[in-house]
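Source file: upload-v8.txt; contents: compact mmCIF, C-alpha atoms and all ligand atoms.
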# COMPACT_ATOMS: atom_id res chain seq x y z
CA MET S 820 15.21 31.83 6.25
CA PRO S 821 17.82 30.85 8.88
CA GLU S 822 20.55 28.62 7.47
CA GLU S 823 19.76 25.74 9.85
CA LEU S 824 16.13 25.68 8.70
CA VAL S 825 17.19 25.61 5.04
CA ARG S 826 19.49 22.65 5.75
CA LEU S 827 16.70 20.81 7.58
CA GLU S 828 14.33 21.36 4.65
CA GLN S 829 16.96 20.15 2.19
CA ARG S 830 17.52 17.01 4.27
CA LEU S 831 13.78 16.34 4.38
CA LEU S 832 13.43 16.71 0.61
CA ARG S 833 16.51 14.56 -0.04
CA ARG S 834 15.07 11.79 2.15
CA ASN S 835 11.79 12.02 0.27
CA GLU S 836 13.57 11.84 -3.09
CA ASP S 837 15.32 8.62 -2.06
CA ALA S 838 12.03 7.03 -0.95
CA ALA S 839 10.31 8.22 -4.16
CA ALA S 840 13.05 6.73 -6.34
CA GLU S 841 12.56 3.36 -4.64
CA LEU S 842 8.77 3.57 -5.17
CA ARG S 843 9.23 4.50 -8.84
CA ARG S 844 11.45 1.46 -9.32
CA ARG S 845 8.78 -0.80 -7.76
CA PHE S 846 5.94 0.73 -9.83
CA ARG S 847 7.95 0.37 -13.05
CA ALA S 848 8.85 -3.24 -12.30
CA ALA S 849 5.17 -4.03 -11.64
CA GLY S 850 4.01 -2.23 -14.83
CA ILE S 851 1.63 0.09 -12.91
CA LEU S 852 0.74 3.58 -14.06
CA THR S 853 0.89 5.70 -10.91
CA VAL S 854 -0.98 9.00 -11.08
CA ASN S 855 -0.49 11.77 -8.50
CA LEU S 856 -3.67 13.93 -8.41
CA MET S 857 -3.34 17.38 -6.89
CA SER S 858 -5.75 20.28 -6.44
CA SER S 859 -7.12 22.75 -3.95
CA PRO S 860 -9.58 21.34 -1.37
CA GLY S 861 -12.88 20.35 -2.94
CA ALA S 862 -11.91 20.74 -6.63
CA GLY S 863 -13.36 17.28 -7.29
CA LYS S 864 -10.50 14.77 -7.01
CA THR S 865 -12.48 12.06 -5.22
CA THR S 866 -15.52 12.49 -7.48
CA VAL S 867 -13.33 12.12 -10.58
CA LEU S 868 -11.77 9.02 -9.03
CA GLU S 869 -15.16 7.50 -8.19
CA ARG S 870 -16.17 7.84 -11.84
CA THR S 871 -12.77 6.63 -13.02
CA LEU S 872 -12.82 3.45 -10.92
CA ALA S 873 -16.37 2.67 -11.99
CA SER S 874 -15.50 3.12 -15.68
CA ILE S 875 -12.07 1.54 -15.79
CA ALA S 876 -13.23 -1.78 -14.23
CA PRO S 877 -12.52 -4.66 -14.76
CA GLU S 878 -8.98 -3.29 -15.06
CA PRO S 879 -7.61 -3.42 -11.49
CA ALA S 880 -7.04 0.05 -10.05
CA ALA S 881 -6.02 1.09 -6.53
CA VAL S 882 -6.20 4.39 -4.68
CA VAL S 883 -4.14 5.88 -1.88
CA VAL S 884 -5.90 8.99 -0.60
CA GLY S 885 -4.45 11.62 1.72
CA ASP S 886 -6.31 13.97 4.03
CA LEU S 887 -5.43 15.63 7.33
CA ALA S 888 -8.31 13.77 8.99
CA THR S 889 -11.23 11.39 8.35
CA GLU S 890 -11.68 8.26 6.25
CA ASN S 891 -14.49 9.92 4.27
CA ASP S 892 -12.81 9.74 0.87
CA ALA S 893 -11.65 6.13 1.33
CA ARG S 894 -15.20 5.15 2.29
CA ARG S 895 -16.52 6.71 -0.94
CA LEU S 896 -13.88 5.05 -3.09
CA ARG S 897 -14.22 1.59 -1.53
CA ARG S 898 -17.60 1.26 -3.21
CA HIS S 899 -15.68 0.99 -6.50
CA SER S 900 -12.45 -0.83 -5.66
CA PRO S 901 -11.21 -3.23 -2.98
CA TRP S 902 -7.77 -1.59 -3.13
CA VAL S 903 -8.25 1.71 -1.30
CA ARG S 904 -6.19 3.01 1.59
CA GLN S 905 -6.49 6.31 3.44
CA VAL S 906 -3.51 8.18 4.85
CA THR S 907 -4.36 10.69 7.57
CA THR S 908 -1.54 13.17 7.89
CA GLY S 909 -2.61 15.03 11.05
CA THR S 910 -1.11 18.46 10.41
CA VAL S 911 0.98 17.69 7.31
CA CYS S 912 -0.29 19.48 4.19
CA HIS S 913 0.96 16.97 1.59
CA LEU S 914 1.72 13.27 1.10
CA GLU S 915 5.31 12.05 1.29
CA ALA S 916 6.81 9.00 -0.42
CA ALA S 917 7.35 7.20 2.90
CA MET S 918 3.64 7.57 3.76
CA VAL S 919 2.69 5.99 0.43
CA ALA S 920 5.23 3.19 0.86
CA ALA S 921 3.83 2.40 4.31
CA VAL S 922 0.24 1.89 3.12
CA LEU S 923 1.23 -0.23 0.10
CA GLU S 924 2.23 -2.95 2.54
CA GLY S 925 0.49 -6.25 1.71
CA TRP S 926 -0.66 -5.25 -1.80
CA ASP S 927 0.50 -7.39 -4.70
CA LEU S 928 1.49 -4.55 -7.06
CA GLU S 929 1.91 -6.98 -9.97
CA ARG S 930 -1.87 -7.45 -10.00
CA LEU S 931 -2.67 -3.76 -10.48
CA HIS S 932 -2.80 -1.72 -13.69
CA TYR S 933 -3.28 1.70 -12.09
CA LEU S 934 -2.47 3.34 -8.77
CA PHE S 935 -4.11 6.72 -8.18
CA ILE S 936 -2.71 8.84 -5.39
CA GLU S 937 -5.14 11.56 -4.29
CA ASN S 938 -2.93 14.10 -2.59
CA VAL S 939 -4.02 16.33 0.29
CA GLY S 940 -6.15 19.22 -1.04
CA ASN S 941 -3.56 21.97 -1.37
CA LEU S 942 -2.01 23.79 -4.32
CA VAL S 943 1.31 24.57 -2.63
CA CYS S 944 2.98 21.84 -0.53
CA PRO S 945 2.31 18.72 -2.69
CA ALA S 946 4.29 20.30 -5.55
CA SER S 947 7.61 19.70 -3.75
CA PHE S 948 7.13 16.04 -2.83
CA ASP S 949 7.77 13.37 -5.43
CA LEU S 950 5.74 10.22 -4.71
CA GLY S 951 7.36 8.01 -7.33
CA GLU S 952 4.48 8.69 -9.73
CA ALA S 953 4.72 8.29 -13.50
CA VAL S 954 2.41 11.24 -14.14
CA ARG S 955 1.22 14.32 -12.28
CA VAL S 956 -2.30 15.61 -12.82
CA VAL S 957 -3.44 18.99 -11.48
CA LEU S 958 -7.16 19.70 -11.22
CA PHE S 959 -8.77 23.14 -11.11
CA ALA S 960 -12.52 23.63 -10.70
CA VAL S 961 -14.34 26.22 -12.78
CA THR S 962 -15.55 27.77 -9.50
CA GLU S 963 -11.98 28.75 -8.57
CA GLY S 964 -11.56 31.40 -11.28
CA GLU S 965 -9.40 31.52 -14.39
CA ASP S 966 -6.18 32.84 -12.88
CA LYS S 967 -5.32 30.15 -10.30
CA PRO S 968 -2.73 28.36 -12.50
CA GLU S 969 -0.55 31.46 -12.78
CA LYS S 970 -0.94 32.14 -9.04
CA TYR S 971 0.35 28.67 -8.10
CA PRO S 972 3.06 28.10 -10.73
CA PRO S 973 5.17 25.34 -9.13
CA ILE S 974 2.37 22.79 -9.16
CA VAL S 975 1.42 23.61 -12.77
CA HIS S 976 5.00 23.78 -13.95
CA ARG S 977 5.54 20.02 -13.45
CA ALA S 978 2.03 18.85 -14.44
CA ASP S 979 1.62 16.28 -17.24
CA LEU S 980 -2.09 17.10 -17.54
CA VAL S 981 -4.39 19.85 -16.25
CA VAL S 982 -8.01 18.83 -15.70
CA LEU S 983 -10.67 21.54 -15.51
CA THR S 984 -13.43 20.11 -13.33
CA LYS S 985 -17.13 20.86 -12.72
CA CYS S 986 -17.64 22.02 -16.32
CA ASP S 987 -21.40 21.40 -15.96
CA LEU S 988 -21.36 24.67 -13.98
CA LEU S 989 -19.87 26.72 -16.84
CA PRO S 990 -23.26 28.14 -17.99
CA TYR S 991 -23.79 29.74 -14.57
CA LEU S 992 -20.37 31.24 -13.94
CA GLY S 993 -19.16 33.36 -16.84
CA PHE S 994 -15.88 31.45 -16.64
CA ASP S 995 -13.56 32.41 -19.51
CA LEU S 996 -12.08 29.18 -20.88
CA GLU S 997 -9.56 31.01 -23.07
CA ARG S 998 -8.27 33.04 -20.13
CA PHE S 999 -7.86 29.80 -18.17
CA ARG S 1000 -5.94 28.18 -21.04
CA ALA S 1001 -3.67 31.24 -21.29
CA SER S 1002 -3.06 31.12 -17.53
CA VAL S 1003 -2.07 27.43 -17.62
CA HIS S 1004 0.13 27.85 -20.70
CA SER S 1005 1.88 30.93 -19.32
CA VAL S 1006 3.40 28.52 -16.77
CA ASN S 1007 3.59 25.24 -18.72
CA PRO S 1008 3.23 25.95 -22.46
CA ALA S 1009 2.90 22.34 -23.66
CA VAL S 1010 0.65 20.81 -21.03
CA PRO S 1011 -2.68 19.44 -22.32
CA ILE S 1012 -5.89 20.75 -20.71
CA LEU S 1013 -8.87 18.45 -20.34
CA PRO S 1014 -12.31 19.90 -19.48
CA LEU S 1015 -14.44 17.42 -17.56
CA SER S 1016 -17.63 17.08 -15.54
CA ALA S 1017 -17.73 14.17 -13.12
CA ARG S 1018 -21.40 15.06 -12.62
CA THR S 1019 -22.49 14.56 -16.26
CA GLY S 1020 -19.61 12.37 -17.43
CA ASP S 1021 -18.60 14.83 -20.19
CA GLY S 1022 -14.88 14.50 -20.85
CA LEU S 1023 -14.61 11.20 -19.00
CA GLY S 1024 -13.90 9.29 -22.22
CA ALA S 1025 -10.98 11.59 -23.07
CA TRP S 1026 -9.62 11.22 -19.50
CA LEU S 1027 -9.76 7.42 -19.69
CA ALA S 1028 -8.14 7.46 -23.12
CA TRP S 1029 -5.34 9.65 -21.75
CA LEU S 1030 -4.77 7.24 -18.85
CA ARG S 1031 -4.71 4.23 -21.16
CA SER S 1032 -2.27 5.88 -23.55
CA ARG S 1033 0.04 6.79 -20.67
CA ARG S 1034 -0.10 3.21 -19.37
CA ALA S 1035 0.64 1.84 -22.85
CA ALA S 1036 3.64 4.19 -23.05
CA LEU S 1037 5.12 2.54 -19.93
CA ALA S 1038 5.73 -0.60 -21.94
CA VAL S 1039 7.79 1.29 -24.54
CA PRO S 1040 11.41 1.58 -23.41
CA SER S 1041 12.53 5.23 -23.48
CA SER S 1042 15.52 5.88 -25.74
N1 LIG O 1101 -21.45 20.42 -10.08
C1 LIG O 1101 -20.45 19.58 -9.88
N2 LIG O 1101 -20.04 19.34 -8.63
C2 LIG O 1101 -19.00 18.49 -8.45
C3 LIG O 1101 -18.35 17.87 -9.53
N3 LIG O 1101 -17.34 17.12 -9.04
C4 LIG O 1101 -17.39 17.25 -7.71
N4 LIG O 1101 -18.40 18.06 -7.34
C5 LIG O 1101 -18.77 18.43 -5.97
O1 LIG O 1101 -17.70 19.15 -5.35
C6 LIG O 1101 -17.60 18.82 -3.98
C7 LIG O 1101 -16.18 18.37 -3.66
O2 LIG O 1101 -15.89 17.20 -4.41
P1 LIG O 1101 -14.78 16.15 -3.95
O3 LIG O 1101 -14.70 15.14 -5.03
O4 LIG O 1101 -15.03 15.69 -2.56
O5 LIG O 1101 -13.49 17.07 -3.97
P2 LIG O 1101 -11.99 16.73 -3.49
O6 LIG O 1101 -11.07 17.48 -4.37
O7 LIG O 1101 -11.83 15.26 -3.42
O8 LIG O 1101 -11.98 17.33 -2.01
P3 LIG O 1101 -10.84 17.13 -0.87
O9 LIG O 1101 -10.42 15.70 -0.90
O10 LIG O 1101 -11.55 17.49 0.38
O11 LIG O 1101 -9.74 18.08 -1.23
C8 LIG O 1101 -18.65 17.75 -3.71
O12 LIG O 1101 -19.79 18.36 -3.17
C9 LIG O 1101 -18.94 17.19 -5.10
O13 LIG O 1101 -20.24 16.67 -5.24
C10 LIG O 1101 -18.81 18.14 -10.86
O14 LIG O 1101 -18.28 17.65 -11.88
N5 LIG O 1101 -19.85 19.02 -10.95
MG MG O 1102 -11.14 14.06 -1.85

Entire entry expressed as structure tokens:
Amino acid sequence: MPEELVRLEQRLLRRNEDAAAELRRRFRAAGILTVNLMSSPGAGKTTVLERTLASIAPEPAAVVVGDLATENDARRLRRHSPWVRQVTTGTVCHLEAAMVAAVLEGWDLERLHYLFIENVGNLVCPASFDLGEAVRVVLFAVTEGEDKPEKYPPIVHRADLVVLTKCDLLPYLGFDLERFRASVHSVNPAVPILPLSARTGDGLGAWLAWLRSRRAALAVPSS
């Protein structure tokens, strides 16, 4: 890569890191658990969030959702929460901290317990952009095959949780759960894996318990 292009990329990432640090400070001060959800297009992020918002109520939870175009996901999510904002990125394949900061305008963060950020469907670009989140969740659908984690290591490397979605389809696919686990753990040996079906609700209880435990951990000062 030409040197000038490398410098430009470094500047862009540095600017994002500064904006993300400021967001993280605001989220911490407000006591919100911010969750950055990342996956390939169509792995089931919005469907998981629809179920999550419906189940986590009356705890107040907000969503910022990124897509290149359309308000489709925000429309779906608004049925479950009044705090939903869509970011349309045009041609940009990931969310950036400044985009998130811009749409938070006017929200009283102190009132929220959770902020979910549904990133643009993409397993590559979102990995490099910190959004000030407390936790990163990467979703893979059973229809994608067992080896995707090892093919897209950067996004898995920094994940706090891997969710395997659409598990209701397992009986039809011949998907090898052990191969998937090995693929995830070859990149990130300690990361927990949570199988889930947003269609049947299987695994939803474990997902909610994980979220609640991570939120409770925010209150404990780290040594
Ligand atoms: N069988 C089955 N289908 C699912 C499940 N979750 C989602 N789907 C379907 O998968 C498709 C994509 O789901 P979305 O939730 O829109 O996926 P997404 O990751 O938000 O997609 P983008 O935002 O476009 O990247 C939809 O047709 C859903 O109905 C599931 O648990 N089981
Ligand atoms: Mg979506």

Kindly assemble as a tab-separated table a list of the chain S residues that lie within 8 Å of ligand MG 1102 (chain O), each paired with its nearest atom pair and their distance in Å to one decimal, using all atoms listed in the file, sorted first by chain and then by ascending residue number.
residue	atom	partner	partner_atom	distance
S:Pro860	CA	O:MG1102	MG	7.5
S:Gly861	CA	O:MG1102	MG	6.6
S:Gly863	CA	O:MG1102	MG	6.7
S:Lys864	CA	O:MG1102	MG	5.2
S:Thr865	CA	O:MG1102	MG	4.1
S:Thr866	CA	O:MG1102	MG	7.3
S:Val884	CA	O:MG1102	MG	7.4
S:Gly885	CA	O:MG1102	MG	8.0
S:Asp886	CA	O:MG1102	MG	7.6
S:Asp892	CA	O:MG1102	MG	5.4
S:Glu937	CA	O:MG1102	MG	6.9
S:Val939	CA	O:MG1102	MG	7.8
S:Gly940	CA	O:MG1102	MG	7.2

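The smallest atom-to-atom distance between ligand LIG 1101 (chain O) and any of S:Ala1017, S:Leu992, S:Leu852, S:Val825, using only C-alpha atoms and all ligand atoms, is found for S:Ala1017.
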
Contact check, region 854-973 of chain S to region 829-848 of chain S, at most 8 Å, counting all atoms listed in the file, closest pairs as a Markdown table:
| residue | atom | partner | partner_atom | distance |
| --- | --- | --- | --- | --- |
| S:Glu915 | CA | S:Asn835 | CA | 6.6 |
| S:Ala916 | CA | S:Ala839 | CA | 5.2 |
| S:Ala917 | CA | S:Ala838 | CA | 6.1 |
| S:Ala920 | CA | S:Leu842 | CA | 7.0 |
| S:Leu928 | CA | S:Phe846 | CA | 7.4 |
| S:Ser947 | CA | S:Leu832 | CA | 7.9 |
| S:Phe948 | CA | S:Asn835 | CA | 6.9 |
| S:Asp949 | CA | S:Ala839 | CA | 5.9 |
| S:Leu950 | CA | S:Ala839 | CA | 5.0 |
| S:Gly951 | CA | S:Arg843 | CA | 4.3 |
| S:Glu952 | CA | S:Arg843 | CA | 6.4 |
| S:Ala953 | CA | S:Arg843 | CA | 7.5 |

From the list S:Ala960, S:Ile1012, S:Ala849, S:Ala876, which residue is nearest ligand LIG 1101 (chain O) when using only C-alpha atoms and all ligand atoms?
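Checking each of S:Ala960, S:Ile1012, S:Ala849, S:Ala876 against ligand LIG 1101 (chain O), counting only C-alpha atoms and all ligand atoms, the winner is S:Ala960.
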
Nearest residue to ligand LIG 1101 (chain O) from the set S:Tyr991, S:Trp902, S:Tyr933, S:Tyr971 (distances using only C-alpha atoms and all ligand atoms):
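Of S:Tyr991, S:Trp902, S:Tyr933, S:Tyr971, the one nearest ligand LIG 1101 (chain O), counting only C-alpha atoms and all ligand atoms, is S:Tyr991.
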
Give as a list in words every residue, naming chains and numbers as the document does, that has an atom within 10 Å of (-5.0, 17.8, -25.6), counting all atoms listed in the file.
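Applying the cut-off with all atoms listed in the file, one gets Leu980, Val981, Ala1009, Val1010, Pro1011, Ile1012, Leu1013, Pro1014, Ala1025 and Trp1029 of chain S.
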
For CA of Asn941 (chain S) and CA of Arg898 (chain S), quote the distance in Å rounded to one decimal.
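Computing the Euclidean distance for CA of Asn941 (chain S) and CA of Arg898 (chain S) yields 25.1 Å.
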
Close residues, Val906 (chain S) itself excluded, 10 Å, all atoms listed in the file, min 5 positions apart in chain, as a list of chain:residue names
S:Val883, S:Val884, S:Gly885, S:Asp886, S:Leu887, S:Ala888, S:Thr889, S:Glu890, S:Ala893, S:Leu914, S:Met918, S:Val919, S:Ala921, S:Val922, S:Glu937, S:Asn938, S:Val939

In terms of the shortest atom-to-atom distance over only C-alpha atoms and all ligand atoms, which of S:Phe959, S:Trp1026, S:Phe994, S:Phe999 is closest to ligand LIG 1101 (chain O)?
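Once distances to ligand LIG 1101 (chain O) are computed over only C-alpha atoms and all ligand atoms, the minimum belongs to S:Phe959.
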
How far is it from atom N1 of ligand LIG 1101 (chain O) to CA of Lys985 (chain S), in Å with one decimal?
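CA of Lys985 (chain S) lies 5.1 Å from atom N1 of ligand LIG 1101 (chain O).
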
Point out the residue among S:Ala946, S:Val854, S:Val954, S:Ile936 with the least atom-to-atom distance to ligand LIG 1101 (chain O), counting all atoms listed in the file.
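For ligand LIG 1101 (chain O), the nearest of the given residues is S:Ile936.
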
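Compared by their closest atoms to Arg895 (chain S), and using all atoms listed in the file, the residues S:Leu827, S:Leu1037, S:Leu872, S:Val956 rank with S:Leu872 nearest.
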
Atom-to-atom span, CA of Arg894 (chain S) and CA of Thr908 (chain S), Å:
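Value for the CA of Arg894 (chain S)-CA of Thr908 (chain S) distance: 16.8 Å.
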
Would you compute the box with edges along x, y and z of the file around region 944-960 of chain S, including every atom the file lists for it and 3 Å extra on each side, and give its centre and edge lengths in Å to one decimal, as JSON?
{"center_x": -2.4, "center_y": 15.8, "center_z": -7.3, "size_x": 26.3, "size_y": 21.6, "size_z": 19.6}

List the neighbours of Glu969 (chain S) out to 10 Å using only C-alpha atoms; skip same-chain residues closer than 6 positions along the sequence, and give me the result as a VMD selection string.
chain S and resid 975 to 976 999 1001 to 1007
